[in-house]
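Participant: Can you keep this structure in mind? I'll have questions shortly.
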Amino acid sequence: MKLINIGFGNMVAAGRVIAIVSPESAPIKRIIQDAKERGSLIDATYGRRTRAVLMMDSDHVILSAVQPETVANRVSVDSEEALNEQE
């Protein structure tokens with residue numbers, strides 16, 4: 001199981017991430033609010049501004065203070081390293 005650093009030493013399982021999106025749009029804000037109401041929101045921002053929202057296959061929504069591009073690049077780097085290890 002590969003883990004991705006989403007900031008401040010917090011990690012998520014790379015294989016469980018469905019989407020990494022920006023929190024700016026109204027639909028994403030509704031998704032965040034709905035997750036908060038049903039108790040499946042995980043806030044990993046440590047009080048900082050939310051810059052990325054990770055949608056997980058378990059219906060959990062994770063807030064991160066790291067840019068979505070940075071999180072996506074970390075997923076890509078981990079995937080490339082895994083491929084190199086298999087060779």
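Chain labels follow the order of the structure tokens: the first chain is A, the next B, and so on; residue numbering restarts at 1 in every chain, and ligands are counted from 1 in their shown order.
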I want to know what sits within 9 Å of stretch 56-68 of chain A, based on only C-alpha atoms, with residues of the same chain fewer than 4 positions away left out; could you give that as a PyMOL selection string?

Facilitator: chain A and resi 6-8+15-23+31-32+35-36+39-52+72-73

Participant: From the DSSP assignment of the backbone, select every residue of chain A that is strand (DSSP E), and format the answer as a PDB file with N, CA and C atoms, in the first residue's frame.

Facilitator:
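File part05.pdb, as written:
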ATOM      1  N   LEU A   3       1.427   5.255   0.348  1.00  0.00           N
ATOM      2  CA  LEU A   3       0.857   6.388   1.067  1.00  0.00           C
ATOM      3  C   LEU A   3       1.316   7.691   0.418  1.00  0.00           C
ATOM      4  N   ILE A   4       0.432   8.678   0.422  1.00  0.00           N
ATOM      5  CA  ILE A   4       0.733   9.993  -0.122  1.00  0.00           C
ATOM      6  C   ILE A   4       0.737  10.989   1.026  1.00  0.00           C
ATOM      7  N   ASN A   5       1.754  11.824   1.083  1.00  0.00           N
ATOM      8  CA  ASN A   5       1.819  12.889   2.083  1.00  0.00           C
ATOM      9  C   ASN A   5       0.908  14.026   1.623  1.00  0.00           C
ATOM     10  N   ILE A   6      -0.087  14.374   2.444  1.00  0.00           N
ATOM     11  CA  ILE A   6      -1.012  15.457   2.093  1.00  0.00           C
ATOM     12  C   ILE A   6      -0.746  16.704   2.932  1.00  0.00           C
ATOM     13  N   GLY A   7       0.407  16.736   3.570  1.00  0.00           N
ATOM     14  CA  GLY A   7       0.804  17.907   4.339  1.00  0.00           C
ATOM     15  C   GLY A   7       0.840  17.649   5.828  1.00  0.00           C
ATOM     16  N   ASN A  10       0.651  14.128   7.412  1.00  0.00           N
ATOM     17  CA  ASN A  10      -0.550  13.314   7.235  1.00  0.00           C
ATOM     18  C   ASN A  10      -0.455  12.532   5.935  1.00  0.00           C
ATOM     19  N   MET A  11      -0.889  11.283   5.975  1.00  0.00           N
ATOM     20  CA  MET A  11      -0.791  10.407   4.816  1.00  0.00           C
ATOM     21  C   MET A  11      -2.145   9.780   4.493  1.00  0.00           C
ATOM     22  N   VAL A  12      -2.365   9.519   3.206  1.00  0.00           N
ATOM     23  CA  VAL A  12      -3.558   8.788   2.769  1.00  0.00           C
ATOM     24  C   VAL A  12      -3.114   7.670   1.835  1.00  0.00           C
ATOM     25  N   ALA A  13      -3.916   6.633   1.752  1.00  0.00           N
ATOM     26  CA  ALA A  13      -3.624   5.506   0.869  1.00  0.00           C
ATOM     27  C   ALA A  13      -3.877   5.923  -0.577  1.00  0.00           C
ATOM     28  N   VAL A  17      -7.807   6.909  -3.272  1.00  0.00           N
ATOM     29  CA  VAL A  17      -8.176   8.246  -3.726  1.00  0.00           C
ATOM     30  C   VAL A  17      -8.914   8.147  -5.059  1.00  0.00           C
ATOM     31  N   ILE A  18     -10.097   8.749  -5.115  1.00  0.00           N
ATOM     32  CA  ILE A  18     -10.875   8.789  -6.356  1.00  0.00           C
ATOM     33  C   ILE A  18     -10.592  10.083  -7.110  1.00  0.00           C
ATOM     34  N   ALA A  19     -10.552  11.206  -6.397  1.00  0.00           N
ATOM     35  CA  ALA A  19     -10.357  12.500  -7.049  1.00  0.00           C
ATOM     36  C   ALA A  19      -9.639  13.461  -6.114  1.00  0.00           C
ATOM     37  N   ILE A  20      -8.889  14.381  -6.724  1.00  0.00           N
ATOM     38  CA  ILE A  20      -8.230  15.469  -6.002  1.00  0.00           C
ATOM     39  C   ILE A  20      -8.696  16.742  -6.693  1.00  0.00           C
ATOM     40  N   VAL A  21      -9.459  17.566  -5.979  1.00  0.00           N
ATOM     41  CA  VAL A  21     -10.074  18.740  -6.599  1.00  0.00           C
ATOM     42  C   VAL A  21      -9.827  19.997  -5.772  1.00  0.00           C
ATOM     43  N   LEU A  41     -16.050  13.819   7.177  1.00  0.00           N
ATOM     44  CA  LEU A  41     -15.072  14.829   6.761  1.00  0.00           C
ATOM     45  C   LEU A  41     -13.840  14.719   7.645  1.00  0.00           C
ATOM     46  N   ILE A  42     -12.670  14.702   7.016  1.00  0.00           N
ATOM     47  CA  ILE A  42     -11.408  14.685   7.740  1.00  0.00           C
ATOM     48  C   ILE A  42     -10.664  15.963   7.377  1.00  0.00           C
ATOM     49  N   ASP A  43     -10.443  16.822   8.365  1.00  0.00           N
ATOM     50  CA  ASP A  43      -9.770  18.099   8.130  1.00  0.00           C
ATOM     51  C   ASP A  43      -8.300  17.962   8.507  1.00  0.00           C
ATOM     52  N   ALA A  44      -7.431  17.924   7.496  1.00  0.00           N
ATOM     53  CA  ALA A  44      -5.987  17.791   7.717  1.00  0.00           C
ATOM     54  C   ALA A  44      -5.265  19.090   7.386  1.00  0.00           C
ATOM     55  N   ALA A  52      -6.857  21.756  -1.287  1.00  0.00           N
ATOM     56  CA  ALA A  52      -7.199  20.541  -2.037  1.00  0.00           C
ATOM     57  C   ALA A  52      -8.217  19.733  -1.258  1.00  0.00           C
ATOM     58  N   VAL A  53      -9.127  19.118  -1.994  1.00  0.00           N
ATOM     59  CA  VAL A  53     -10.133  18.238  -1.414  1.00  0.00           C
ATOM     60  C   VAL A  53      -9.927  16.862  -2.042  1.00  0.00           C
ATOM     61  N   LEU A  54      -9.720  15.860  -1.203  1.00  0.00           N
ATOM     62  CA  LEU A  54      -9.528  14.500  -1.694  1.00  0.00           C
ATOM     63  C   LEU A  54     -10.794  13.698  -1.450  1.00  0.00           C
ATOM     64  N   MET A  55     -11.315  13.113  -2.517  1.00  0.00           N
ATOM     65  CA  MET A  55     -12.488  12.243  -2.426  1.00  0.00           C
ATOM     66  C   MET A  55     -11.974  10.809  -2.355  1.00  0.00           C
ATOM     67  N   MET A  56     -12.417  10.082  -1.344  1.00  0.00           N
ATOM     68  CA  MET A  56     -11.951   8.716  -1.146  1.00  0.00           C
ATOM     69  C   MET A  56     -13.032   7.717  -1.542  1.00  0.00           C
ATOM     70  N   VAL A  61     -14.240  12.497   2.843  1.00  0.00           N
ATOM     71  CA  VAL A  61     -13.732  13.681   2.160  1.00  0.00           C
ATOM     72  C   VAL A  61     -12.629  14.242   3.052  1.00  0.00           C
ATOM     73  N   ILE A  62     -11.441  14.446   2.457  1.00  0.00           N
ATOM     74  CA  ILE A  62     -10.288  14.905   3.218  1.00  0.00           C
ATOM     75  C   ILE A  62      -9.879  16.281   2.720  1.00  0.00           C
ATOM     76  N   LEU A  63      -9.704  17.213   3.650  1.00  0.00           N
ATOM     77  CA  LEU A  63      -9.264  18.558   3.311  1.00  0.00           C
ATOM     78  C   LEU A  63      -7.758  18.661   3.555  1.00  0.00           C
ATOM     79  N   SER A  64      -7.051  19.263   2.602  1.00  0.00           N
ATOM     80  CA  SER A  64      -5.611  19.420   2.713  1.00  0.00           C
ATOM     81  C   SER A  64      -5.218  20.858   2.417  1.00  0.00           C
TER      82      SER A  64
END

Participant: If you measure from atom CA of A:Ala14 to atom CA of A:Val71, what distance in Å do you get, rounded to one decimal?

Facilitator: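 So the two atoms, atom CA of A:Ala14 and atom CA of A:Val71, lie 10.2 Å apart.
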
Participant: When DSSP is applied to the backbone of this structure, which of chain A are assigned helix (DSSP H, G or I)? Write them out as a PyMOL selection string.

Facilitator: chain A and resi 14-16+26-38+68-86

Participant: Just write the chosen residues, N, CA and C atoms, as a short mmCIF file (atom, residue, chain, number, x, y, z; two decimals), in the first residue's frame.

Facilitator:
data_model
loop_
_atom_site.label_atom_id
_atom_site.label_comp_id
_atom_site.auth_asym_id
_atom_site.auth_seq_id
_atom_site.Cartn_x
_atom_site.Cartn_y
_atom_site.Cartn_z
N ALA A 14 -2.84 5.82 -1.40
CA ALA A 14 -2.93 6.27 -2.79
C ALA A 14 -4.01 5.51 -3.56
N GLY A 15 -4.16 4.24 -3.30
CA GLY A 15 -5.13 3.42 -4.02
C GLY A 15 -6.57 3.71 -3.68
N ARG A 16 -6.81 4.46 -2.63
CA ARG A 16 -8.18 4.74 -2.19
C ARG A 16 -8.68 6.10 -2.67
N ALA A 26 -18.96 25.79 -6.08
CA ALA A 26 -20.12 25.57 -5.21
C ALA A 26 -20.45 24.09 -5.01
N PRO A 27 -20.38 23.25 -6.06
CA PRO A 27 -20.67 21.82 -5.84
C PRO A 27 -19.70 21.16 -4.86
N ILE A 28 -18.42 21.53 -4.93
CA ILE A 28 -17.44 20.96 -4.00
C ILE A 28 -17.71 21.45 -2.58
N LYS A 29 -18.09 22.71 -2.44
CA LYS A 29 -18.44 23.23 -1.11
C LYS A 29 -19.63 22.48 -0.53
N ARG A 30 -20.60 22.12 -1.39
CA ARG A 30 -21.75 21.32 -0.93
C ARG A 30 -21.32 19.93 -0.50
N ILE A 31 -20.41 19.33 -1.26
CA ILE A 31 -19.90 18.00 -0.91
C ILE A 31 -19.20 18.05 0.44
N ILE A 32 -18.42 19.10 0.68
CA ILE A 32 -17.73 19.26 1.96
C ILE A 32 -18.74 19.40 3.09
N GLN A 33 -19.76 20.22 2.89
CA GLN A 33 -20.79 20.43 3.91
C GLN A 33 -21.55 19.14 4.20
N ASP A 34 -21.90 18.40 3.16
CA ASP A 34 -22.60 17.12 3.33
C ASP A 34 -21.74 16.13 4.11
N ALA A 35 -20.44 16.07 3.80
CA ALA A 35 -19.54 15.16 4.51
C ALA A 35 -19.43 15.55 5.98
N LYS A 36 -19.41 16.85 6.24
CA LYS A 36 -19.34 17.32 7.63
C LYS A 36 -20.58 16.89 8.40
N GLU A 37 -21.75 17.02 7.77
CA GLU A 37 -23.01 16.67 8.43
C GLU A 37 -23.11 15.18 8.71
N ARG A 38 -22.59 14.34 7.82
CA ARG A 38 -22.69 12.89 8.04
C ARG A 38 -21.49 12.31 8.78
N PRO A 68 -3.67 21.02 -5.07
CA PRO A 68 -4.05 19.76 -5.74
C PRO A 68 -2.96 19.25 -6.67
N GLU A 69 -2.28 20.14 -7.39
CA GLU A 69 -1.22 19.73 -8.30
C GLU A 69 -0.07 19.05 -7.56
N THR A 70 0.24 19.57 -6.37
CA THR A 70 1.32 18.99 -5.57
C THR A 70 0.95 17.59 -5.11
N VAL A 71 -0.28 17.41 -4.65
CA VAL A 71 -0.73 16.08 -4.21
C VAL A 71 -0.72 15.12 -5.40
N ALA A 72 -1.21 15.57 -6.56
CA ALA A 72 -1.23 14.73 -7.75
C ALA A 72 0.18 14.35 -8.17
N ASN A 73 1.11 15.29 -8.08
CA ASN A 73 2.50 14.98 -8.43
C ASN A 73 3.09 13.95 -7.48
N ARG A 74 2.72 14.02 -6.22
CA ARG A 74 3.22 13.03 -5.25
C ARG A 74 2.67 11.65 -5.57
N VAL A 75 1.44 11.58 -6.05
CA VAL A 75 0.87 10.29 -6.46
C VAL A 75 1.64 9.77 -7.66
N SER A 76 1.91 10.63 -8.63
CA SER A 76 2.63 10.23 -9.84
C SER A 76 4.04 9.75 -9.52
N VAL A 77 4.74 10.47 -8.65
CA VAL A 77 6.10 10.08 -8.28
C VAL A 77 6.08 8.72 -7.59
N ASP A 78 5.13 8.49 -6.69
CA ASP A 78 5.03 7.21 -6.01
C ASP A 78 4.74 6.09 -7.01
N SER A 79 3.90 6.35 -8.01
CA SER A 79 3.57 5.33 -9.01
C SER A 79 4.79 4.99 -9.85
N GLU A 80 5.56 6.01 -10.24
CA GLU A 80 6.76 5.77 -11.03
C GLU A 80 7.79 4.99 -10.25
N GLU A 81 7.94 5.32 -8.95
CA GLU A 81 8.90 4.59 -8.11
C GLU A 81 8.49 3.13 -7.99
N ALA A 82 7.20 2.87 -7.87
CA ALA A 82 6.71 1.49 -7.75
C ALA A 82 7.01 0.72 -9.02
N LEU A 83 6.84 1.35 -10.18
CA LEU A 83 7.14 0.69 -11.45
C LEU A 83 8.62 0.39 -11.57
N ASN A 84 9.46 1.33 -11.14
CA ASN A 84 10.91 1.11 -11.20
C ASN A 84 11.35 -0.01 -10.29
N GLU A 85 10.70 -0.17 -9.14
CA GLU A 85 11.04 -1.23 -8.19
C GLU A 85 10.69 -2.60 -8.75
N GLN A 86 9.65 -2.68 -9.56
CA GLN A 86 9.21 -3.97 -10.12
C GLN A 86 10.14 -4.46 -11.22
#
